[in-house]
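This report refers to the structure that appears directly beneath it.
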Amino acid sequence: MTTVAAAPEQEDPELAAFRAEVRAWLDANAEKRRPDANEFKRRFTATTVSDDDERKHLERARSWQRKLFDAGFSGITVPNEYGGRGGTAAQQRVFQQEVARYEVDTGIFSVGLGMVVPTILAHGTQEQKRRFIPPLLNGDELWCQLFSEPGAGSDLAGLTTRAERDGDEWIVNGQKVWNSFAHVADWGILITRTNWDVPKHSGITYFLVDMSTTGIEARPLRQITGVAHFNETFLTDVRIPHENVLGEVNGGWGVAQSTLMNERALIGGGGSGIGFRDYADLARHYGRTEDPVVRQRLASAYTRFQIMRWLGERARAAAKAGKPLGPESSVMKLAISQHVADNGDLALAIEGPEAMLYQSDAFEDGFWQQQFLGQWSIRIGGGTEQVQRNILGERVLGLPSEPRPDKTDPFRNVPKNA
Ligand SMILES: Cc1cc2nc3c(=O)[nH]c(=O)nc-3n(C[C@H](O)[C@H](O)[C@H](O)COP(=O)(O)OP(=O)(O)OC[C@H]3O[C@@H](n4cnc5c(N)ncnc54)[C@H](O)[C@@H]3O)c2cc1C
């Protein structure tokens, strides 16, 4: 089912040895993804998930994360002193290539591993790194992201959730939205307004918040696919100790940028796990491989899959050369968004009139319909396509930005959404 990048023919001997170690460990500890990939497909097809299913999924993900940690495969690039392996980005990539062939799922930990760890490593104090990173790597503590608000999504710096200092604590009031896994998370990364008298980017503070704190209520929201994986989260007089500020008070926008760049790279580098061969198989199943229009579209899909692969290589080469993530993460995010959208259209075009069927009436229990419907989570989450284009226009092409008085006026005077 998945397209897994093969090991390069002449891999560096140390990396080849690491690959062999990973393969042996995975063979002993995980099940290979079956060629017919039914398990994999079911996960992407579910339209309802009961509380019991969710609890079991969480337990499975936690126990797999613990196994990875004990074997030294969680936080491969994280320094040893914080519970990681102290390894290289190349080793991390090898592990990802190998694990893709097994039936495991730690997606629920992606916010923590892909966004929280690099942000705490970049901005945290020694105490924060020691306190928060090990239990995140070993699966004991699940994290969510409390950034977006009903009036602040693309314009995230326009957020109005308020934090006020009270001795050694901060009191937070406001509402967040679209918070993936907030209803089951143990900790959250939270950005709030702490100064209303300076321009909007200069009055934000970043917190690490215990989700069991009195005053936090996460209410699940149902998505177009039928699953409810994200939430609206209400914060009422939530008390957070001052020691849980990450970075400087009012310096939270810079900290949030670390999280957002890693988020874009995470989404851009993720993909859905479906390879070109799956679309070719679908065309074979429907007897469309001789149809010239379908052939043309398959050829274009093949080209896109190759481009995605090379974009991934380019990002990895930049990482290897020690270059910080920049607008490349927007290129990746935009490219994967378009790729997923085109693939969704292609699958339903191949199915033809049968594409109108759904769930158990449809081929493969509606797997391809779910893929189609799921495309908007990637196209919107982590910054919409339009916003990525704005970033690229301004930062890469050097185009003039729109007049933005809200960037310089005190936030208190800026007209607000609703
Ligand atoms: C699956 C999923 C998971 C998510 N998980 C989380 C999470 O865990 N935590 C979290 O905090 N948030 C999360 N989000 C929220 C996500 O980051 C926001 O949805 C996203 O930033 C867009 O914000 P918005 O929904 O408020 O849309 P808006 O900002 O209101 O945008 C509406 C439309 O206007 C367009 N637009 C807005 N501004 C501009 C502009 N300047 N130029 C051109 N067009 C513009 C947008 O492109 C969009 O089409 C998630 C979203 C999704 C879909």
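Ordering of the structure tokens sets the chain letters (A, B, ...); residue numbers start at 1 within each chain; ligands are numbered from 1 in the order shown.
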
> Residues at most 12 Å from Gly287 in chain A, counting only C-alpha atoms, excluding those fewer than 6 positions away in the same chain, as number ranges by chain?
Replying inline: A: 280-281, 294-295, 350-352

Please produce a file of those selected residues containing N, CA and C atoms, as a JSON list (two decimals), in the first residue's frame.
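Listing of selection.json after writing:
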```json
[["chain", "number", "residue", "atom", "x", "y", "z"],
["A", 280, "ALA", "N", -2.67, 3.49, -9.51],
["A", 280, "ALA", "CA", -2.58, 2.60, -10.67],
["A", 280, "ALA", "C", -3.43, 1.36, -10.42],
["A", 281, "ASP", "N", -3.37, 0.82, -9.19],
["A", 281, "ASP", "CA", -4.18, -0.36, -8.86],
["A", 281, "ASP", "C", -5.67, -0.05, -8.96],
["A", 294, "VAL", "N", -7.50, 9.03, -18.41],
["A", 294, "VAL", "CA", -7.04, 8.51, -17.11],
["A", 294, "VAL", "C", -5.53, 8.29, -17.17],
["A", 295, "ARG", "N", -5.03, 7.77, -18.27],
["A", 295, "ARG", "CA", -3.58, 7.55, -18.41],
["A", 295, "ARG", "C", -2.82, 8.87, -18.24],
["A", 350, "ILE", "N", -11.41, 8.21, -11.32],
["A", 350, "ILE", "CA", -11.22, 6.83, -11.76],
["A", 350, "ILE", "C", -12.47, 6.00, -11.42],
["A", 351, "GLU", "N", -13.02, 6.22, -10.25],
["A", 351, "GLU", "CA", -14.22, 5.45, -9.85],
["A", 351, "GLU", "C", -15.43, 5.81, -10.72],
["A", 352, "GLY", "N", -15.41, 7.00, -11.31],
["A", 352, "GLY", "CA", -16.53, 7.40, -12.18],
["A", 352, "GLY", "C", -17.83, 7.52, -11.40]]
```

>> Set the distance at 8 Å and use only C-alpha atoms: which residues neighbour range 128-131 of chain A once local chain neighbours fewer than 3 positions away are removed? I'd like the list as a ChimeraX atom specification.
In response: /A:81-82,120-121,124-125,134-135,244

Just-selected residues, C-alpha atoms written as a compact mmCIF listing (two decimals), in the first residue's frame:
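In the end it all went to part.txt:
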```
# COMPACT_ATOMS: atom_id res chain seq x y z
CA GLU A 81 20.44 14.25 28.63
CA TYR A 82 16.75 14.81 27.75
CA ILE A 120 11.20 23.45 24.08
CA LEU A 121 14.71 22.51 22.92
CA GLY A 124 13.14 26.19 27.13
CA THR A 125 15.16 26.53 30.32
CA PRO A 134 11.47 12.70 28.65
CA PRO A 135 7.77 12.01 29.51
CA ASN A 244 5.59 27.39 32.79
```

>> Show me which residues line ligand 1, defined as having an atom within 7 Å of a ligand atom where only C-alpha atoms and all ligand atoms count, and present them as number ranges by chain.
In response: A: 144-155, 176-180, 230, 376-378, 380-387, 390

> For Asn80 in chain A, which residue among A:Gly344, A:Lys416, A:Ile133, A:Asp52 is the nearest when counting only C-alpha atoms?
Replying inline: A:Ile133

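The neighbours of range 9-16 of chain A here are the residues that come within 12 Å of it, using only C-alpha atoms and leaving out any residue fewer than 4 positions away in the same chain; they are Ala5, Ala20, Glu21, Val22, Arg23, Gly87, Thr88, Ala89, Ala90, Gln91, Gln92, Arg93, Val94, Phe95 and Glu98 of chain A.
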
Kindly export the residues of the current selection with all heavy atoms, as a short mmCIF file (atom, residue, chain, number, x, y, z; two decimals), in the first residue's frame.
```cif
data_model
loop_
_atom_site.label_atom_id
_atom_site.label_comp_id
_atom_site.auth_asym_id
_atom_site.auth_seq_id
_atom_site.Cartn_x
_atom_site.Cartn_y
_atom_site.Cartn_z
N ALA A 5 10.62 4.61 0.48
CA ALA A 5 11.88 4.87 -0.21
C ALA A 5 12.86 3.75 0.14
O ALA A 5 13.03 3.41 1.31
CB ALA A 5 12.43 6.22 0.24
N ALA A 20 20.14 -1.65 9.57
CA ALA A 20 20.03 -3.09 9.89
C ALA A 20 19.52 -3.26 11.33
O ALA A 20 18.66 -4.11 11.60
CB ALA A 20 21.38 -3.76 9.70
N GLU A 21 20.04 -2.42 12.22
CA GLU A 21 19.61 -2.50 13.63
C GLU A 21 18.11 -2.19 13.73
O GLU A 21 17.35 -2.88 14.42
CB GLU A 21 20.42 -1.47 14.44
CG GLU A 21 20.08 -1.42 15.92
CD GLU A 21 20.68 -0.17 16.60
OE1 GLU A 21 21.66 0.40 16.07
OE2 GLU A 21 20.14 0.22 17.66
N VAL A 22 17.68 -1.15 13.00
CA VAL A 22 16.26 -0.75 13.05
C VAL A 22 15.39 -1.87 12.49
O VAL A 22 14.38 -2.25 13.10
CB VAL A 22 16.04 0.55 12.23
CG1 VAL A 22 14.57 0.85 12.06
CG2 VAL A 22 16.74 1.72 12.91
N ARG A 23 15.80 -2.43 11.36
CA ARG A 23 15.00 -3.51 10.74
C ARG A 23 14.85 -4.69 11.69
O ARG A 23 13.76 -5.23 11.86
CB ARG A 23 15.68 -4.00 9.45
CG ARG A 23 15.33 -3.13 8.28
CD ARG A 23 15.79 -3.72 6.96
NE ARG A 23 15.54 -2.71 5.93
CZ ARG A 23 16.07 -2.68 4.74
NH1 ARG A 23 16.90 -3.63 4.37
NH2 ARG A 23 15.78 -1.73 3.89
N GLY A 87 21.19 11.21 18.22
CA GLY A 87 21.61 10.77 16.88
C GLY A 87 21.48 11.87 15.85
O GLY A 87 21.39 13.06 16.18
N THR A 88 21.46 11.47 14.58
CA THR A 88 21.47 12.44 13.49
C THR A 88 20.13 12.48 12.75
O THR A 88 19.32 11.55 12.86
CB THR A 88 22.55 12.07 12.47
OG1 THR A 88 22.19 10.79 11.90
CG2 THR A 88 23.92 11.98 13.08
N ALA A 89 19.96 13.55 11.94
CA ALA A 89 18.75 13.66 11.13
C ALA A 89 18.69 12.53 10.11
O ALA A 89 17.61 12.04 9.76
CB ALA A 89 18.73 15.02 10.42
N ALA A 90 19.86 12.08 9.64
CA ALA A 90 19.89 10.97 8.67
C ALA A 90 19.35 9.70 9.33
O ALA A 90 18.60 8.92 8.71
CB ALA A 90 21.30 10.77 8.16
N GLN A 91 19.73 9.47 10.59
CA GLN A 91 19.21 8.29 11.29
C GLN A 91 17.69 8.38 11.47
O GLN A 91 16.97 7.40 11.31
CB GLN A 91 19.88 8.16 12.66
CG GLN A 91 21.33 7.75 12.58
CD GLN A 91 21.98 7.66 13.94
OE1 GLN A 91 21.65 8.43 14.85
NE2 GLN A 91 22.91 6.73 14.09
N GLN A 92 17.25 9.58 11.80
CA GLN A 92 15.81 9.81 11.95
C GLN A 92 15.09 9.45 10.65
O GLN A 92 14.05 8.80 10.65
CB GLN A 92 15.59 11.28 12.29
CG GLN A 92 14.15 11.75 12.35
CD GLN A 92 13.46 11.24 13.60
OE1 GLN A 92 14.05 11.26 14.69
NE2 GLN A 92 12.26 10.74 13.46
N ARG A 93 15.67 9.86 9.53
CA ARG A 93 15.04 9.60 8.23
C ARG A 93 15.02 8.10 7.94
O ARG A 93 14.01 7.56 7.50
CB ARG A 93 15.83 10.34 7.14
CG ARG A 93 15.19 10.27 5.79
CD ARG A 93 15.98 11.01 4.75
NE ARG A 93 17.20 10.33 4.37
CZ ARG A 93 18.42 10.83 4.51
NH1 ARG A 93 18.60 12.01 5.04
NH2 ARG A 93 19.48 10.14 4.10
N VAL A 94 16.12 7.42 8.25
CA VAL A 94 16.19 5.97 8.03
C VAL A 94 15.10 5.29 8.86
O VAL A 94 14.37 4.43 8.38
CB VAL A 94 17.60 5.44 8.43
CG1 VAL A 94 17.58 3.93 8.60
CG2 VAL A 94 18.60 5.85 7.38
N PHE A 95 14.96 5.72 10.11
CA PHE A 95 13.94 5.10 10.96
C PHE A 95 12.56 5.30 10.36
O PHE A 95 11.75 4.37 10.30
CB PHE A 95 14.01 5.65 12.39
CG PHE A 95 13.11 4.89 13.31
CD1 PHE A 95 13.52 3.70 13.87
CD2 PHE A 95 11.81 5.33 13.55
CE1 PHE A 95 12.67 2.96 14.68
CE2 PHE A 95 10.96 4.59 14.35
CZ PHE A 95 11.39 3.40 14.92
N GLU A 98 11.94 2.98 7.45
CA GLU A 98 11.75 1.58 7.83
C GLU A 98 10.41 1.34 8.53
O GLU A 98 9.70 0.40 8.23
CB GLU A 98 12.90 1.12 8.73
CG GLU A 98 14.25 1.10 8.03
CD GLU A 98 14.27 0.17 6.83
OE1 GLU A 98 13.65 -0.91 6.89
OE2 GLU A 98 14.91 0.53 5.81
#
```

>> Show me, as a PyMOL selection string, the residues that have an atom within 9 Å of Ala347 in chain A when counting only C-alpha atoms, minus same-chain residues fewer than 5 positions from it.
In response: chain A and resi 279+282-283+342+352+355+368-369+371-372

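Here CA of Lys32 in chain A stands at a distance of 6.0 Å from CA of Arg101 in chain A.
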
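By chain and then residue number, the residues within 7 Å of range 252-259 of chain A are Met115, Val116, Thr119, His123, Ile191, His201, Ile204, Thr205, Tyr206, Gly247, Glu248, Val249, Asn250, Met261, Asn262 and Glu263 of chain A, counting only C-alpha atoms and disregarding those fewer than 2 positions away in sequence.
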
> Got a sec: who's within 10 Å of Glu217 in chain A, counting only C-alpha atoms, leaving out chain neighbours fewer than 2 positions off, as a ChimeraX atom specification?
Replying inline: /A:175,182-183,211-215,219-220,231-236

> Using only C-alpha atoms, which residues sit within 10 Å of Glu54 in chain A once same-chain residues fewer than 5 positions away are excluded, as a ChimeraX atom specification?
Replying inline: /A:49,59-60,184,229

Just write the chosen residues, C-alpha atoms, as an mmCIF file, in the first residue's frame.
```cif
data_model
loop_
_atom_site.group_PDB
_atom_site.id
_atom_site.type_symbol
_atom_site.label_atom_id
_atom_site.label_comp_id
_atom_site.auth_asym_id
_atom_site.auth_seq_id
_atom_site.Cartn_x
_atom_site.Cartn_y
_atom_site.Cartn_z
ATOM 1 C CA VAL A 49 -14.911 6.289 16.530
ATOM 2 C CA GLU A 59 -3.335 2.907 24.915
ATOM 3 C CA ARG A 60 -1.827 1.199 21.855
ATOM 4 C CA VAL A 184 -7.389 13.474 25.623
ATOM 5 C CA HIS A 229 -10.457 14.496 16.469
#
```

> DSSP on the backbone: what in range 100-195 of chain A comes out alpha helix (DSSP H), as a ChimeraX atom specification?
Replying inline: /A:110,117-123,126-137

Next, the residues of the selection above should be written as a PDB file, in the first residue's frame with N, CA and C atoms.
```pdb
ATOM      1  N   SER A 110       2.077  13.297  17.318  1.00  0.00           N
ATOM      2  CA  SER A 110       2.836  14.120  16.369  1.00  0.00           C
ATOM      3  C   SER A 110       2.995  15.571  16.843  1.00  0.00           C
ATOM      4  N   VAL A 117       8.633  19.270  21.158  1.00  0.00           N
ATOM      5  CA  VAL A 117      10.036  18.977  21.499  1.00  0.00           C
ATOM      6  C   VAL A 117      10.990  20.004  20.875  1.00  0.00           C
ATOM      7  N   PRO A 118      10.910  20.252  19.534  1.00  0.00           N
ATOM      8  CA  PRO A 118      11.860  21.235  18.991  1.00  0.00           C
ATOM      9  C   PRO A 118      11.685  22.634  19.572  1.00  0.00           C
ATOM     10  N   THR A 119      10.440  22.986  19.949  1.00  0.00           N
ATOM     11  CA  THR A 119      10.225  24.330  20.504  1.00  0.00           C
ATOM     12  C   THR A 119      10.835  24.429  21.901  1.00  0.00           C
ATOM     13  N   ILE A 120      10.625  23.398  22.717  1.00  0.00           N
ATOM     14  CA  ILE A 120      11.204  23.446  24.081  1.00  0.00           C
ATOM     15  C   ILE A 120      12.735  23.390  23.986  1.00  0.00           C
ATOM     16  N   LEU A 121      13.246  22.579  23.058  1.00  0.00           N
ATOM     17  CA  LEU A 121      14.714  22.513  22.917  1.00  0.00           C
ATOM     18  C   LEU A 121      15.275  23.890  22.537  1.00  0.00           C
ATOM     19  N   ALA A 122      14.551  24.610  21.681  1.00  0.00           N
ATOM     20  CA  ALA A 122      15.062  25.903  21.209  1.00  0.00           C
ATOM     21  C   ALA A 122      14.880  27.016  22.232  1.00  0.00           C
ATOM     22  N   HIS A 123      13.806  26.963  23.028  1.00  0.00           N
ATOM     23  CA  HIS A 123      13.475  28.130  23.873  1.00  0.00           C
ATOM     24  C   HIS A 123      13.366  27.824  25.363  1.00  0.00           C
ATOM     25  N   GLN A 126      16.746  24.933  31.180  1.00  0.00           N
ATOM     26  CA  GLN A 126      17.259  23.582  31.460  1.00  0.00           C
ATOM     27  C   GLN A 126      16.212  22.775  32.234  1.00  0.00           C
ATOM     28  N   GLU A 127      15.553  23.417  33.216  1.00  0.00           N
ATOM     29  CA  GLU A 127      14.546  22.712  34.028  1.00  0.00           C
ATOM     30  C   GLU A 127      13.382  22.274  33.140  1.00  0.00           C
ATOM     31  N   GLN A 128      12.941  23.160  32.243  1.00  0.00           N
ATOM     32  CA  GLN A 128      11.801  22.806  31.375  1.00  0.00           C
ATOM     33  C   GLN A 128      12.166  21.648  30.459  1.00  0.00           C
ATOM     34  N   LYS A 129      13.376  21.661  29.922  1.00  0.00           N
ATOM     35  CA  LYS A 129      13.783  20.556  29.037  1.00  0.00           C
ATOM     36  C   LYS A 129      13.786  19.240  29.810  1.00  0.00           C
ATOM     37  N   ARG A 130      14.335  19.284  31.031  1.00  0.00           N
ATOM     38  CA  ARG A 130      14.433  18.040  31.819  1.00  0.00           C
ATOM     39  C   ARG A 130      13.057  17.577  32.278  1.00  0.00           C
ATOM     40  N   ARG A 131      12.186  18.515  32.620  1.00  0.00           N
ATOM     41  CA  ARG A 131      10.858  18.140  33.132  1.00  0.00           C
ATOM     42  C   ARG A 131       9.959  17.601  32.009  1.00  0.00           C
ATOM     43  N   PHE A 132       9.968  18.286  30.837  1.00  0.00           N
ATOM     44  CA  PHE A 132       8.915  17.986  29.857  1.00  0.00           C
ATOM     45  C   PHE A 132       9.312  17.023  28.735  1.00  0.00           C
ATOM     46  N   ILE A 133      10.587  17.008  28.350  1.00  0.00           N
ATOM     47  CA  ILE A 133      10.906  16.214  27.154  1.00  0.00           C
ATOM     48  C   ILE A 133      10.866  14.689  27.405  1.00  0.00           C
ATOM     49  N   PRO A 134      11.491  14.173  28.501  1.00  0.00           N
ATOM     50  CA  PRO A 134      11.469  12.704  28.653  1.00  0.00           C
ATOM     51  C   PRO A 134      10.053  12.104  28.690  1.00  0.00           C
ATOM     52  N   PRO A 135       9.102  12.643  29.507  1.00  0.00           N
ATOM     53  CA  PRO A 135       7.770  12.011  29.510  1.00  0.00           C
ATOM     54  C   PRO A 135       7.009  12.181  28.207  1.00  0.00           C
ATOM     55  N   LEU A 136       7.447  13.118  27.380  1.00  0.00           N
ATOM     56  CA  LEU A 136       6.823  13.279  26.061  1.00  0.00           C
ATOM     57  C   LEU A 136       7.379  12.196  25.130  1.00  0.00           C
ATOM     58  N   LEU A 137       8.693  11.972  25.214  1.00  0.00           N
ATOM     59  CA  LEU A 137       9.303  10.968  24.339  1.00  0.00           C
ATOM     60  C   LEU A 137       8.840   9.555  24.684  1.00  0.00           C
TER      61      LEU A 137
END
```

> Closest to Arg297 in chain A among A:Phe276, A:Thr192, A:His285, A:Leu266, using only C-alpha atoms?
Replying inline: A:Phe276

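Taking range 238-306 of chain A and asking which residues DSSP calls strand (DSSP E or B) on the backbone, you get A:Val238, A:Arg239, A:Ile240, A:Pro241, A:Val245, A:Leu246, A:Gly251.
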
>> Just checking: using only C-alpha atoms, which residue out of A:Val227, A:Leu156, A:Val245, A:Val111 ends up closest to Glu169 in chain A?
In response: A:Val245

> In Å, how far is it from CA of Tyr358 in chain A to CA of Arg288 in chain A?
Replying inline: 20.6 Å

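Computed from the coordinates, the CA of Ala362 in chain A to CA of Ala341 in chain A distance equals 19.9 Å.
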